[in-house]
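Peer 1: Sending over data-v5.tsv (TSV, C-alpha atoms).
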```tsv
chain	number	residue	atom	x	y	z
A	1454	MET	CA	54.28	66.76	143.73
A	1455	THR	CA	55.19	65.76	140.19
A	1456	GLN	CA	52.71	63.69	138.21
A	1457	ARG	CA	53.31	61.94	134.92
A	1458	MET	CA	50.68	60.02	132.98
A	1459	GLY	CA	48.53	59.62	136.08
A	1460	TRP	CA	51.25	58.15	138.33
A	1461	ARG	CA	52.83	59.89	141.27
A	1462	ALA	CA	56.59	60.11	141.37
A	1463	GLY	CA	58.05	57.41	143.59
A	1464	GLU	CA	55.04	55.06	143.38
A	1465	LYS	CA	55.62	51.52	142.28
A	1466	ASP	CA	54.85	51.36	138.58
A	1467	THR	CA	52.63	48.27	138.40
A	1468	GLY	CA	51.06	49.46	135.16
A	1469	VAL	CA	54.30	48.98	133.23
A	1470	ALA	CA	54.82	45.54	134.76
A	1471	LEU	CA	51.32	44.57	133.66
A	1472	TRP	CA	51.97	45.76	130.10
A	1473	VAL	CA	55.28	43.87	129.95
A	1474	THR	CA	53.45	40.69	131.04
A	1475	ILE	CA	50.73	41.21	128.43
A	1476	ILE	CA	53.25	41.85	125.65
A	1477	ALA	CA	55.36	38.82	126.65
A	1478	GLY	CA	52.23	36.65	126.54
A	1479	ALA	CA	51.35	38.00	123.10
A	1480	VAL	CA	54.86	37.23	121.83
A	1481	PHE	CA	54.72	33.63	123.14
A	1482	THR	CA	51.24	33.19	121.70
A	1483	GLY	CA	52.30	34.64	118.35
A	1484	LEU	CA	55.33	32.34	118.17
A	1485	GLY	CA	53.09	29.40	119.00
A	1486	VAL	CA	50.76	30.25	116.14
A	1487	VAL	CA	53.70	30.63	113.73
A	1488	PHE	CA	55.07	27.22	114.72
A	1489	GLY	CA	51.68	25.47	114.88
A	1490	ILE	CA	51.54	25.24	118.67
A	1491	PRO	CA	48.23	26.12	120.35
A	1492	ALA	CA	48.21	29.42	122.24
A	1493	SER	CA	47.64	27.68	125.58
A	1494	THR	CA	50.68	25.49	124.98
A	1495	ALA	CA	52.89	28.36	123.83
A	1496	MET	CA	51.99	30.37	126.93
A	1497	ALA	CA	52.32	27.53	129.42
A	1498	SER	CA	55.64	25.94	128.43
A	1499	PRO	CA	58.19	28.62	129.35
A	1500	LEU	CA	56.34	29.78	132.46
A	1501	SER	CA	55.15	26.51	134.05
A	1502	PRO	CA	57.25	24.57	136.56
A	1503	ASP	CA	58.33	21.04	135.64
A	1504	THR	CA	56.11	18.61	137.55
A	1505	GLN	CA	56.43	15.22	135.83
A	1506	SER	CA	58.91	12.50	136.73
A	1507	ALA	CA	59.30	8.74	136.87
A	1508	GLU	CA	61.99	6.11	136.99
A	1509	PHE	CA	62.45	5.04	133.36
A	1510	SER	CA	64.05	1.88	132.01
A	1511	ILE	CA	64.55	0.50	128.50
A	1512	CYS	CA	61.34	-1.11	127.23
A	1513	GLY	CA	61.31	-4.89	127.05
A	1514	ASN	CA	58.64	-7.47	126.34
A	1515	SER	CA	56.83	-6.93	129.65
A	1516	ARG	CA	54.10	-4.41	130.45
A	1517	ARG	CA	55.16	-0.92	129.37
A	1518	VAL	CA	54.58	1.78	131.98
A	1519	ASN	CA	57.65	4.08	132.18
A	1520	CYS	CA	60.23	3.04	129.62
A	1521	VAL	CA	62.11	4.22	126.53
A	1522	VAL	CA	61.47	2.57	123.15
A	1523	ASP	CA	63.94	4.55	121.04
A	1524	GLY	CA	65.34	8.06	120.70
A	1525	ASP	CA	61.97	9.74	120.13
A	1526	THR	CA	59.40	7.38	121.70
A	1527	PHE	CA	58.76	6.41	125.31
A	1528	TRP	CA	56.00	5.20	127.61
A	1529	PHE	CA	54.94	7.38	130.53
A	1530	HIS	CA	52.24	6.19	132.94
A	1531	ALA	CA	51.32	3.48	130.38
A	1532	LYS	CA	50.77	6.02	127.56
A	1533	LYS	CA	52.97	5.87	124.46
A	1534	ILE	CA	54.50	9.28	123.70
A	1535	ARG	CA	56.28	10.40	120.53
A	1536	ILE	CA	58.51	13.47	120.99
A	1537	ALA	CA	56.90	15.75	118.42
A	1538	ASP	CA	59.77	18.13	117.61
A	1539	ILE	CA	62.39	15.55	116.53
A	1540	ASP	CA	63.07	12.48	114.39
A	1541	ALA	CA	65.52	9.93	115.82
A	1542	PRO	CA	67.08	6.95	114.03
A	1543	GLU	CA	64.92	3.83	113.79
A	1544	LEU	CA	65.68	0.69	115.76
A	1545	SER	CA	62.83	-1.58	114.66
A	1546	PRO	CA	64.39	-2.38	112.33
A	1547	PRO	CA	67.36	-0.15	111.53
A	1548	ARG	CA	68.21	0.04	107.82
A	1549	CYS	CA	72.00	-0.01	108.31
A	1550	GLU	CA	74.69	-0.22	110.99
A	1551	VAL	CA	75.05	3.58	111.18
A	1552	GLU	CA	71.33	3.97	111.92
A	1553	ARG	CA	71.44	1.15	114.51
A	1554	ALA	CA	74.42	2.63	116.35
A	1555	LYS	CA	73.06	6.18	116.35
A	1556	GLY	CA	69.60	4.90	117.31
A	1557	GLU	CA	70.98	3.00	120.31
A	1558	ALA	CA	72.93	6.09	121.41
A	1559	ALA	CA	69.78	8.25	121.06
A	1560	LYS	CA	67.74	5.74	123.08
A	1561	GLN	CA	70.30	5.67	125.90
A	1562	ARG	CA	70.57	9.46	125.94
A	1563	LEU	CA	66.77	9.90	126.06
A	1564	LEU	CA	66.70	7.45	128.99
A	1565	ALA	CA	69.32	9.53	130.82
A	1566	LEU	CA	67.53	12.83	130.06
A	1567	LEU	CA	64.15	11.54	131.28
A	1568	ASN	CA	65.73	10.15	134.47
A	1569	ASN	CA	67.58	13.41	135.15
A	1570	GLY	CA	64.77	15.10	137.10
A	1571	LYS	CA	61.37	16.67	136.64
A	1572	PHE	CA	60.13	17.67	133.19
A	1573	SER	CA	57.05	19.03	131.48
A	1574	ILE	CA	54.91	17.44	128.79
A	1575	THR	CA	53.06	19.79	126.45
A	1576	ALA	CA	50.49	18.92	123.79
A	1577	THR	CA	51.05	20.08	120.22
A	1578	GLY	CA	48.60	21.15	117.51
A	1579	ARG	CA	48.11	17.48	116.57
A	1580	ASP	CA	47.19	15.11	119.40
A	1581	GLN	CA	48.29	11.74	117.95
A	1582	ASP	CA	50.28	10.34	115.06
A	1583	ARG	CA	49.05	7.62	112.70
A	1584	PHE	CA	50.37	4.94	115.09
A	1585	GLY	CA	48.26	6.25	118.01
A	1586	ARG	CA	51.22	7.73	119.89
A	1587	ASP	CA	50.55	10.97	121.79
A	1588	LEU	CA	52.54	13.78	120.13
A	1589	ARG	CA	54.16	15.90	122.84
A	1590	ILE	CA	56.97	18.36	123.44
A	1591	ILE	CA	59.10	17.41	126.45
A	1592	THR	CA	60.90	20.23	128.25
A	1593	ARG	CA	63.00	20.77	131.33
A	1594	HIS	CA	63.36	24.34	132.62
A	1595	GLY	CA	61.64	25.54	129.42
A	1596	ARG	CA	64.17	23.85	127.11
A	1597	SER	CA	63.13	21.05	124.74
A	1598	ILE	CA	64.71	17.68	125.44
A	1599	GLY	CA	64.38	17.11	121.68
A	1600	THR	CA	66.63	20.12	121.09
A	1601	VAL	CA	69.26	18.55	123.37
A	1602	LEU	CA	69.20	15.37	121.23
A	1603	VAL	CA	69.46	17.44	118.04
A	1604	GLU	CA	72.41	19.45	119.41
A	1605	GLU	CA	74.15	16.19	120.34
A	1606	ASN	CA	73.62	14.90	116.76
A	1607	LEU	CA	71.40	12.04	117.98
A	1608	ALA	CA	68.22	13.30	116.29
A	1609	ARG	CA	67.02	15.82	113.69
A	1610	ARG	CA	64.40	18.52	113.91
A	1611	TRP	CA	61.07	17.11	112.76
A	1612	ASP	CA	60.29	18.66	109.38
A	1613	GLY	CA	57.16	16.66	108.61
A	1614	GLY	CA	58.77	13.62	106.99
A	1615	ARG	CA	61.25	10.88	107.70
A	1616	ARG	CA	64.59	10.94	105.91
A	1617	PRO	CA	67.10	8.09	105.75
A	1618	TRP	CA	69.91	7.89	108.28
A	1619	CYS	CA	71.98	5.57	106.09
A	1620	ASN	CA	74.42	6.87	103.45
```
Using the file provided, produce a representation of the structure as structure tokens.

Peer 2:
Amino acid sequence: MTQRMGWRAGEKDTGVALWVTIIAGAVFTGLGVVFGIPASTAMASPLSPDTQSAEFSICGNSRRVNCVVDGDTFWFHAKKIRIADIDAPELSPPRCEVERAKGEAAKQRLLALLNNGKFSITATGRDQDRFGRDLRIITRHGRSIGTVLVEENLARRWDGGRRPWCN
């Protein structure tokens, strides 16, 4: 019988599978540290199933439970959430017609994305913003909903500061 590194030929190589899992976890953790995401968040996001859902509407003047405020803010189970990885055009008040139109489109698209099935909510390195909104990354199947809005030109990557949407 041939033996290599302590394993018998033909045996299932569970040791390699274990090492691949450990290395993958280290990579996710390392990326999380680089991007300011806690290790537990970086590990959980791509591997965890989406479990959150609700029927969302556009927020009005009534009690806010599950509704969309604008392209980067929504209420979920009566908690106000700011999507942490993007900046969407302002609607209250918009500074120009371009910002208003793009902000309305971003709000409607976020509504559609949230109503399109289960998603995950992941905490970031900072729990709340200065307005008391919970800062969270929203994903579906491991992909950021914020990234979808950015790719559709309805939001920008959050770079730590607001920039004007008007020319």

Peer 1: Which residue, A:Cys1512, A:Leu1588, A:Leu1607, A:Val1521, has the smallest gap to A:Pro1542 when you use all atoms listed in the file?

Peer 2: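 Closest residue, counting all atoms listed in the file: A:Leu1607.
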
Peer 1: To one decimal in Å, tell me the separation between atom CA of A:Asn1620 and atom CA of A:Cys1549.

Peer 2: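 Interatomic distance, atom CA of A:Asn1620 to atom CA of A:Cys1549: 8.8 Å.
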
Peer 1: Can you tell me, as a short mmCIF file (atom, residue, chain, number, x, y, z; two decimals) with C-alpha atoms, in the frame of the given file, which residues sit within 6 Å of (70.1, 6.0, 109.2) in the file's frame, using all atoms listed in the file?

Peer 2:
```
data_model
loop_
_atom_site.label_atom_id
_atom_site.label_comp_id
_atom_site.auth_asym_id
_atom_site.auth_seq_id
_atom_site.Cartn_x
_atom_site.Cartn_y
_atom_site.Cartn_z
CA PRO A 1542 67.08 6.95 114.03
CA VAL A 1551 75.05 3.58 111.18
CA GLU A 1552 71.33 3.97 111.92
CA PRO A 1617 67.10 8.09 105.75
CA TRP A 1618 69.91 7.89 108.28
CA CYS A 1619 71.98 5.57 106.09
#
```

Peer 1: Distance atom CA of A:Gln1505-atom CA of A:Gly1524, one decimal place?

Peer 2: 19.0 Å

Peer 1: Show me, as a PyMOL selection string, the residues that have an atom within 12 Å of stretch 1555-1558 of chain A when counting only C-alpha atoms, minus same-chain residues fewer than 4 positions from it.

Peer 2: chain A and resi 1511+1521-1526+1540-1551+1562-1565+1602-1603+1605-1609+1618-1619

Peer 1: Generate the output file for the selected residues, C-alpha atoms, as a CSV table (one decimal), in the frame of the given file.

Peer 2:
```
chain,number,residue,atom,x,y,z
A,1511,ILE,CA,64.6,0.5,128.5
A,1521,VAL,CA,62.1,4.2,126.5
A,1522,VAL,CA,61.5,2.6,123.2
A,1523,ASP,CA,63.9,4.6,121.0
A,1524,GLY,CA,65.3,8.1,120.7
A,1525,ASP,CA,62.0,9.7,120.1
A,1526,THR,CA,59.4,7.4,121.7
A,1540,ASP,CA,63.1,12.5,114.4
A,1541,ALA,CA,65.5,9.9,115.8
A,1542,PRO,CA,67.1,7.0,114.0
A,1543,GLU,CA,64.9,3.8,113.8
A,1544,LEU,CA,65.7,0.7,115.8
A,1545,SER,CA,62.8,-1.6,114.7
A,1546,PRO,CA,64.4,-2.4,112.3
A,1547,PRO,CA,67.4,-0.2,111.5
A,1548,ARG,CA,68.2,0.0,107.8
A,1549,CYS,CA,72.0,0.0,108.3
A,1550,GLU,CA,74.7,-0.2,111.0
A,1551,VAL,CA,75.0,3.6,111.2
A,1562,ARG,CA,70.6,9.5,125.9
A,1563,LEU,CA,66.8,9.9,126.1
A,1564,LEU,CA,66.7,7.4,129.0
A,1565,ALA,CA,69.3,9.5,130.8
A,1602,LEU,CA,69.2,15.4,121.2
A,1603,VAL,CA,69.5,17.4,118.0
A,1605,GLU,CA,74.2,16.2,120.3
A,1606,ASN,CA,73.6,14.9,116.8
A,1607,LEU,CA,71.4,12.0,118.0
A,1608,ALA,CA,68.2,13.3,116.3
A,1609,ARG,CA,67.0,15.8,113.7
A,1618,TRP,CA,69.9,7.9,108.3
A,1619,CYS,CA,72.0,5.6,106.1
```

Peer 1: Step by step, gather every atom of stretch 1547-1557 of chain A that the file lists, find the box along x, y and z that holds them, add 4 Å on each side, and finally give centre and edge lengths in Å to one decimal, as lines of an AutoDock Vina configuration file.

Peer 2:
```
center_x = 71.2
center_y = 3.0
center_z = 114.1
size_x = 15.7
size_y = 14.4
size_z = 20.5
```

Peer 1: Which residues are near A:Phe1529? Cut-off 9 Å, only C-alpha atoms, ignore same chain within fewer than 5 positions. Put them as a list in words.

Peer 2: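 In the requested format, the answer is Ser1506, Ala1507, Phe1509, Arg1517, Val1518, Asn1519, Cys1520, Val1521 and Ile1534 of chain A.
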
Peer 1: Which of these, A:Arg1535, A:Arg1593, A:Arg1616, A:Arg1516, has the shortest distance to A:Asn1568 once you count only C-alpha atoms?

Peer 2: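 Of A:Arg1535, A:Arg1593, A:Arg1616, A:Arg1516, the one nearest A:Asn1568 is A:Arg1593, counting only C-alpha atoms.
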
Peer 1: Of the candidates A:Arg1579, A:Arg1553, A:Lys1571, A:His1530, which one gets nearest to A:Ile1591 if we count all atoms listed in the file?

Peer 2: A:Lys1571
